[in-house]
Amino acid sequence: MTESGRALRISVLRHNPNDPDSEPHIQTFNVTETAGMTLFIALTDIRENQDPTLQFDFVCRAGICGSCGMLINGKPGLACRTQTKDFDDEIMLAPLPVFRLIGDLSVDTGAWMQRMSDRLDAWLHTGLTANVNALEERMEPALAQEIYELDRCIECGCCIAACATAQMRDDFVGAVGLNRIARFRVDPRDQRSDADMYELIGDDDGVFGCMTLLGCEDYCPKQLSLGTQIAWLRRRMVIASSRG
Ligand code: SF4
Ligand code: F3S
Ligand code: FES
């Protein structure tokens, strides 16, 4: 039996912080479900046929760009990778917390990610001068795979929205930031030591602020092993600090 044709009631927490007259409120839209409907398709249907002012973000529609994160029945997820058939006919949508609200379901993850990235010096520190004529360096496939696995993060912000520490501490770099550091720690081209990394994440806004709540890992749409990475980094940072 197909569920196509169900009458869905999609409620959206709406607010436009740029409009002084706007008050946060919930608006409910009726949508007829179609086969394979995602929340992205449902929201597009609403915007095209009911309310062109509804704000939400998307770019890729394929779980790659990280733009469409939102709270779906209170849990972070990607609208483009979430099918309506997996829910009852009443669905509640709200913007991701922690990030600056742009309007309705649209939040500014970019500015947050940039701040985190700047704080963590999140780029490869090789000490080498770029030479575009040089041959590419060889790398063992297993190592390349290990780095690639950690590089799969799409900066969607779901791990931040799912983390109580991130909601209490403005400067907490979160699982996305700690995963980024883990990515550079396993890359032998990065010449930074554990002591250097300790300077970046050896405090309560870094690895010691994590309370192992694991919401990050539970709601990461890319299924990154965030808890394992954080535990590994924490061990390394404790050892680095004990060596002074
Ligand atoms: Fe999104 Fe996962 Fe990256 Fe967090 S670690 S930003 S949940 S992809
Ligand atoms: Fe937050 Fe994940 Fe740690 S949810 S407290 S970063 S294990
Ligand atoms: Fe790109 Fe959803 S639109 S991840």
# chains A, B, ... in the order shown; residues from 1 in each chain; ligands from 1
>>> residues_near_ligand(ligand="ligand 3", cutoff="12 Å", atoms="only C-alpha atoms and all ligand atoms", output="PyMOL selection string")
chain A and resi 38-41+43-44+56-70+77-82+106+153-158+220-222
>>> residues_near_ligand(ligand="ligand 2", cutoff="12 Å", atoms="only C-alpha atoms and all ligand atoms", output="ChimeraX atom specification")
/A:76,157-169,172-179,204-220,224-234
>>> write_last_selection(atoms="N, CA and C atoms", output="compact mmCIF listing (two decimals), in the first residue's frame")
# COMPACT_ATOMS: atom_id res chain seq x y z
N PRO A 76 17.54 17.53 14.91
CA PRO A 76 18.21 18.09 13.74
C PRO A 76 18.27 17.08 12.59
N GLY A 157 25.72 21.72 10.52
CA GLY A 157 25.36 22.28 11.83
C GLY A 157 24.48 21.39 12.68
N CYS A 158 24.11 20.21 12.19
CA CYS A 158 23.21 19.35 12.97
C CYS A 158 23.87 18.92 14.28
N CYS A 159 25.19 18.66 14.26
CA CYS A 159 25.87 18.23 15.49
C CYS A 159 25.88 19.35 16.52
N ILE A 160 25.93 20.59 16.07
CA ILE A 160 25.92 21.73 17.00
C ILE A 160 24.53 21.89 17.59
N ALA A 161 23.53 21.78 16.75
CA ALA A 161 22.15 21.91 17.23
C ALA A 161 21.78 20.80 18.20
N ALA A 162 22.46 19.65 18.09
CA ALA A 162 22.13 18.50 18.95
C ALA A 162 22.96 18.47 20.23
N CYS A 163 23.80 19.48 20.45
CA CYS A 163 24.76 19.43 21.55
C CYS A 163 24.42 20.46 22.63
N ALA A 164 24.22 19.99 23.85
CA ALA A 164 23.87 20.91 24.94
C ALA A 164 25.03 21.86 25.25
N THR A 165 26.27 21.38 25.15
CA THR A 165 27.40 22.26 25.43
C THR A 165 27.41 23.44 24.45
N ALA A 166 27.14 23.15 23.18
CA ALA A 166 27.15 24.22 22.16
C ALA A 166 26.06 25.25 22.47
N GLN A 167 24.99 24.82 23.13
CA GLN A 167 23.92 25.76 23.43
C GLN A 167 24.23 26.57 24.69
N MET A 168 25.19 26.08 25.48
CA MET A 168 25.56 26.82 26.71
C MET A 168 26.79 27.69 26.50
N ARG A 169 27.68 27.27 25.61
CA ARG A 169 28.95 27.98 25.44
C ARG A 169 29.05 28.55 24.04
N PHE A 172 32.20 27.33 22.04
CA PHE A 172 32.51 25.89 21.93
C PHE A 172 32.62 25.52 20.45
N VAL A 173 33.71 24.86 20.09
CA VAL A 173 33.93 24.56 18.67
C VAL A 173 33.12 23.35 18.20
N GLY A 174 32.58 22.59 19.16
CA GLY A 174 31.65 21.53 18.81
C GLY A 174 32.30 20.34 18.13
N ALA A 175 31.45 19.36 17.85
CA ALA A 175 31.95 18.15 17.22
C ALA A 175 32.50 18.43 15.83
N VAL A 176 31.88 19.38 15.13
CA VAL A 176 32.37 19.69 13.78
C VAL A 176 33.79 20.23 13.85
N GLY A 177 34.08 21.08 14.85
CA GLY A 177 35.42 21.63 14.99
C GLY A 177 36.42 20.58 15.45
N LEU A 178 36.01 19.76 16.41
CA LEU A 178 36.92 18.73 16.92
C LEU A 178 37.20 17.69 15.83
N ASN A 179 36.19 17.38 15.05
CA ASN A 179 36.40 16.46 13.93
C ASN A 179 37.40 17.04 12.92
N ASP A 204 37.83 24.47 27.82
CA ASP A 204 36.40 24.13 27.87
C ASP A 204 35.64 24.55 26.61
N ASP A 205 36.25 25.38 25.79
CA ASP A 205 35.62 25.68 24.49
C ASP A 205 36.08 24.68 23.43
N GLY A 206 36.97 23.80 23.85
CA GLY A 206 37.47 22.76 22.95
C GLY A 206 37.09 21.39 23.48
N VAL A 207 38.08 20.49 23.50
CA VAL A 207 37.76 19.09 23.76
C VAL A 207 37.30 18.84 25.20
N PHE A 208 37.72 19.72 26.14
CA PHE A 208 37.32 19.49 27.53
C PHE A 208 35.94 20.06 27.87
N GLY A 209 35.33 20.76 26.92
CA GLY A 209 33.95 21.22 27.12
C GLY A 209 32.94 20.14 26.75
N CYS A 210 33.40 19.16 26.00
CA CYS A 210 32.51 18.07 25.58
C CYS A 210 32.16 17.20 26.78
N MET A 211 30.86 16.95 26.97
CA MET A 211 30.41 16.14 28.11
C MET A 211 30.00 14.74 27.65
N THR A 212 30.45 14.36 26.47
CA THR A 212 30.17 13.03 25.90
C THR A 212 28.66 12.76 25.83
N LEU A 213 27.92 13.75 25.43
CA LEU A 213 26.46 13.59 25.33
C LEU A 213 26.07 12.80 24.07
N LEU A 214 26.91 12.86 23.07
CA LEU A 214 26.78 12.05 21.84
C LEU A 214 25.57 12.39 20.97
N GLY A 215 24.89 13.51 21.26
CA GLY A 215 23.84 13.94 20.34
C GLY A 215 24.43 14.22 18.97
N CYS A 216 25.67 14.72 18.97
CA CYS A 216 26.34 15.04 17.69
C CYS A 216 26.38 13.81 16.79
N GLU A 217 26.84 12.72 17.36
CA GLU A 217 26.98 11.50 16.55
C GLU A 217 25.61 10.94 16.17
N ASP A 218 24.66 11.02 17.09
CA ASP A 218 23.32 10.48 16.82
C ASP A 218 22.67 11.19 15.64
N TYR A 219 22.93 12.50 15.48
CA TYR A 219 22.20 13.26 14.46
C TYR A 219 23.07 13.72 13.30
N CYS A 220 24.32 13.29 13.24
CA CYS A 220 25.16 13.66 12.09
C CYS A 220 24.62 12.94 10.84
N LEU A 224 29.29 10.39 10.76
CA LEU A 224 30.70 10.45 11.17
C LEU A 224 30.83 9.94 12.60
N SER A 225 31.95 9.27 12.88
CA SER A 225 32.14 8.68 14.22
C SER A 225 32.68 9.76 15.16
N LEU A 226 31.83 10.74 15.46
CA LEU A 226 32.28 11.92 16.20
C LEU A 226 32.69 11.59 17.62
N GLY A 227 31.93 10.73 18.28
CA GLY A 227 32.27 10.37 19.66
C GLY A 227 33.65 9.73 19.74
N THR A 228 33.95 8.86 18.80
CA THR A 228 35.26 8.19 18.78
C THR A 228 36.37 9.20 18.54
N GLN A 229 36.14 10.12 17.62
CA GLN A 229 37.17 11.13 17.31
C GLN A 229 37.43 12.02 18.52
N ILE A 230 36.35 12.42 19.19
CA ILE A 230 36.51 13.31 20.35
C ILE A 230 37.24 12.58 21.47
N ALA A 231 36.90 11.31 21.70
CA ALA A 231 37.56 10.54 22.77
C ALA A 231 39.05 10.39 22.45
N TRP A 232 39.37 10.14 21.17
CA TRP A 232 40.76 9.98 20.75
C TRP A 232 41.54 11.28 20.96
N LEU A 233 40.91 12.40 20.57
CA LEU A 233 41.57 13.70 20.75
C LEU A 233 41.75 14.01 22.23
N ARG A 234 40.74 13.68 23.03
CA ARG A 234 40.82 14.00 24.46
C ARG A 234 42.00 13.26 25.09
>>> select_by_dssp(residues="range 38-98 of chain A", states="helix (DSSP H, G or I)", output="ChimeraX atom specification")
/A:39-49,79-81,84-86
>>> closest_residue(among="A:Arg6, A:Gln223, A:Asp108, A:Asp187", to="Arg152 in chain A", atoms="only C-alpha atoms")
A:Gln223
>>> atom_distance(atom1="CA of Arg183 in chain A", atom2="CA of Leu124 in chain A")
9.7 Å
>>> closest_residue(among="A:Thr109, A:Ser22, A:Thr126, A:Gln27", to="ligand 1", atoms="only C-alpha atoms and all ligand atoms")
A:Thr109
>>> closest_residue(among="A:Asn133, A:Lys75, A:Arg192, A:Asp89", to="ligand 1", atoms="only C-alpha atoms and all ligand atoms")
A:Lys75
>>> residues_around(residues="Gly74 in chain A", least_positions_apart="6", cutoff="10 Å", atoms="only C-alpha atoms", output="list in words")
Ile91, Met92, Leu93, Ala94, Pro95, Leu96 and Ala162 of chain A
>>> write_last_selection(atoms="N, CA and C atoms", output="PDB file, in the first residue's frame")
ATOM      1  N   ILE A  91       3.821  17.250  11.073  1.00  0.00           N
ATOM      2  CA  ILE A  91       5.278  17.429  11.175  1.00  0.00           C
ATOM      3  C   ILE A  91       5.556  18.863  11.615  1.00  0.00           C
ATOM      4  N   MET A  92       6.459  18.986  12.582  1.00  0.00           N
ATOM      5  CA  MET A  92       6.791  20.326  13.111  1.00  0.00           C
ATOM      6  C   MET A  92       8.219  20.681  12.706  1.00  0.00           C
ATOM      7  N   LEU A  93       8.392  21.839  12.101  1.00  0.00           N
ATOM      8  CA  LEU A  93       9.722  22.280  11.666  1.00  0.00           C
ATOM      9  C   LEU A  93      10.109  23.575  12.372  1.00  0.00           C
ATOM     10  N   ALA A  94      11.383  23.671  12.742  1.00  0.00           N
ATOM     11  CA  ALA A  94      11.883  24.887  13.401  1.00  0.00           C
ATOM     12  C   ALA A  94      13.333  25.088  12.956  1.00  0.00           C
ATOM     13  N   PRO A  95      13.840  26.312  13.070  1.00  0.00           N
ATOM     14  CA  PRO A  95      15.238  26.539  12.670  1.00  0.00           C
ATOM     15  C   PRO A  95      16.209  25.895  13.644  1.00  0.00           C
ATOM     16  N   LEU A  96      17.400  25.586  13.179  1.00  0.00           N
ATOM     17  CA  LEU A  96      18.439  25.059  14.078  1.00  0.00           C
ATOM     18  C   LEU A  96      18.753  26.110  15.135  1.00  0.00           C
ATOM     19  N   ALA A 162      22.462  19.649  18.092  1.00  0.00           N
ATOM     20  CA  ALA A 162      22.135  18.499  18.945  1.00  0.00           C
ATOM     21  C   ALA A 162      22.959  18.470  20.227  1.00  0.00           C
TER      22      ALA A 162
END
>>> closest_residue(among="A:Arg180, A:Arg138, A:Arg236, A:Arg14", to="ligand 1", atoms="only C-alpha atoms and all ligand atoms")
A:Arg180
>>> atom_distance(atom1="CA of Ile26 in chain A", atom2="CA of Val12 in chain A")
5.4 Å
>>> residues_around(residues="range 29-33 of chain A", least_positions_apart="6", cutoff="8 Å", atoms="only C-alpha atoms", output="PyMOL selection string")
chain A and resi 3-11+42+45-46+84
>>> residues_around(residues="Leu54 in chain A", least_positions_apart="3", cutoff="7 Å", atoms="only C-alpha atoms", output="MDAnalysis selection string")
chainID A and resid 47 51 104
>>> atom_distance(atom1="CA of Ala130 in chain A", atom2="CA of Gln191 in chain A")
15.3 Å
>>> select_by_dssp(residues="range 22-123 of chain A", states="strand (DSSP E or B)", output="PDB file with C-alpha atoms, in the first residue's frame")
ATOM      1  CA  HIS A  25       4.649  32.112  15.700  1.00  0.00           C
ATOM      2  CA  ILE A  26       3.710  28.734  14.317  1.00  0.00           C
ATOM      3  CA  GLN A  27       2.019  28.537  10.946  1.00  0.00           C
ATOM      4  CA  THR A  28       0.512  25.318   9.668  1.00  0.00           C
ATOM      5  CA  PHE A  29       0.311  24.398   5.992  1.00  0.00           C
ATOM      6  CA  ASN A  30      -1.696  21.610   4.403  1.00  0.00           C
ATOM      7  CA  VAL A  31       0.247  19.628   1.823  1.00  0.00           C
ATOM      8  CA  THR A  32      -0.777  16.582  -0.195  1.00  0.00           C
ATOM      9  CA  THR A  38      11.081  14.910   0.991  1.00  0.00           C
ATOM     10  CA  GLY A  69      19.549  21.588   8.253  1.00  0.00           C
ATOM     11  CA  MET A  70      16.538  22.231  10.501  1.00  0.00           C
ATOM     12  CA  LEU A  71      14.751  20.800  13.536  1.00  0.00           C
ATOM     13  CA  ILE A  72      12.318  18.144  12.379  1.00  0.00           C
ATOM     14  CA  LYS A  75      15.533  16.731  16.087  1.00  0.00           C
ATOM     15  CA  PRO A  76      18.213  18.089  13.742  1.00  0.00           C
ATOM     16  CA  GLY A  77      18.197  16.728  10.197  1.00  0.00           C
ATOM     17  CA  LEU A  78      18.519  17.610   6.525  1.00  0.00           C
ATOM     18  CA  GLN A  83      11.129  11.733   3.571  1.00  0.00           C
ATOM     19  CA  GLU A  90       1.719  16.129  11.458  1.00  0.00           C
ATOM     20  CA  ILE A  91       5.278  17.429  11.175  1.00  0.00           C
ATOM     21  CA  MET A  92       6.791  20.326  13.111  1.00  0.00           C
ATOM     22  CA  LEU A  93       9.722  22.280  11.666  1.00  0.00           C
ATOM     23  CA  ALA A  94      11.883  24.887  13.401  1.00  0.00           C
ATOM     24  CA  ARG A 100      21.973  33.303  13.920  1.00  0.00           C
ATOM     25  CA  LEU A 101      18.431  33.270  12.599  1.00  0.00           C
ATOM     26  CA  ILE A 102      18.068  34.762   9.132  1.00  0.00           C
ATOM     27  CA  GLY A 103      14.334  34.064   8.921  1.00  0.00           C
ATOM     28  CA  SER A 106      17.019  29.775   7.438  1.00  0.00           C
ATOM     29  CA  VAL A 107      20.034  30.193   9.741  1.00  0.00           C
ATOM     30  CA  ASP A 108      23.547  31.516   9.192  1.00  0.00           C
TER      31      ASP A 108
END
>>> residues_around(residues="Ser241 in chain A", least_positions_apart="2", cutoff="12 Å", atoms="only C-alpha atoms", output="PDB file with C-alpha atoms, in the first residue's frame")
ATOM      1  CA  ASP A 194      49.814  17.614  19.892  1.00  0.00           C
ATOM      2  CA  ALA A 195      51.180  20.505  21.984  1.00  0.00           C
ATOM      3  CA  ASP A 196      50.233  22.908  19.165  1.00  0.00           C
ATOM      4  CA  MET A 197      46.772  21.367  18.991  1.00  0.00           C
ATOM      5  CA  TYR A 198      46.462  21.675  22.782  1.00  0.00           C
ATOM      6  CA  GLU A 199      46.760  25.440  22.374  1.00  0.00           C
ATOM      7  CA  ILE A 201      41.412  22.809  21.780  1.00  0.00           C
ATOM      8  CA  GLY A 202      42.836  22.164  25.261  1.00  0.00           C
ATOM      9  CA  ASP A 203      40.131  24.110  27.112  1.00  0.00           C
ATOM     10  CA  PHE A 208      37.323  19.485  27.534  1.00  0.00           C
ATOM     11  CA  ARG A 234      40.821  14.000  24.463  1.00  0.00           C
ATOM     12  CA  ARG A 235      43.301  11.225  25.257  1.00  0.00           C
ATOM     13  CA  ARG A 236      45.959  12.890  23.116  1.00  0.00           C
ATOM     14  CA  MET A 237      45.345  16.275  24.704  1.00  0.00           C
ATOM     15  CA  VAL A 238      45.540  14.853  28.247  1.00  0.00           C
ATOM     16  CA  ILE A 239      48.893  13.258  27.368  1.00  0.00           C
ATOM     17  CA  ARG A 243      54.074  16.440  29.266  1.00  0.00           C
ATOM     18  CA  GLY A 244      53.856  20.164  29.849  1.00  0.00           C
TER      19      GLY A 244
END
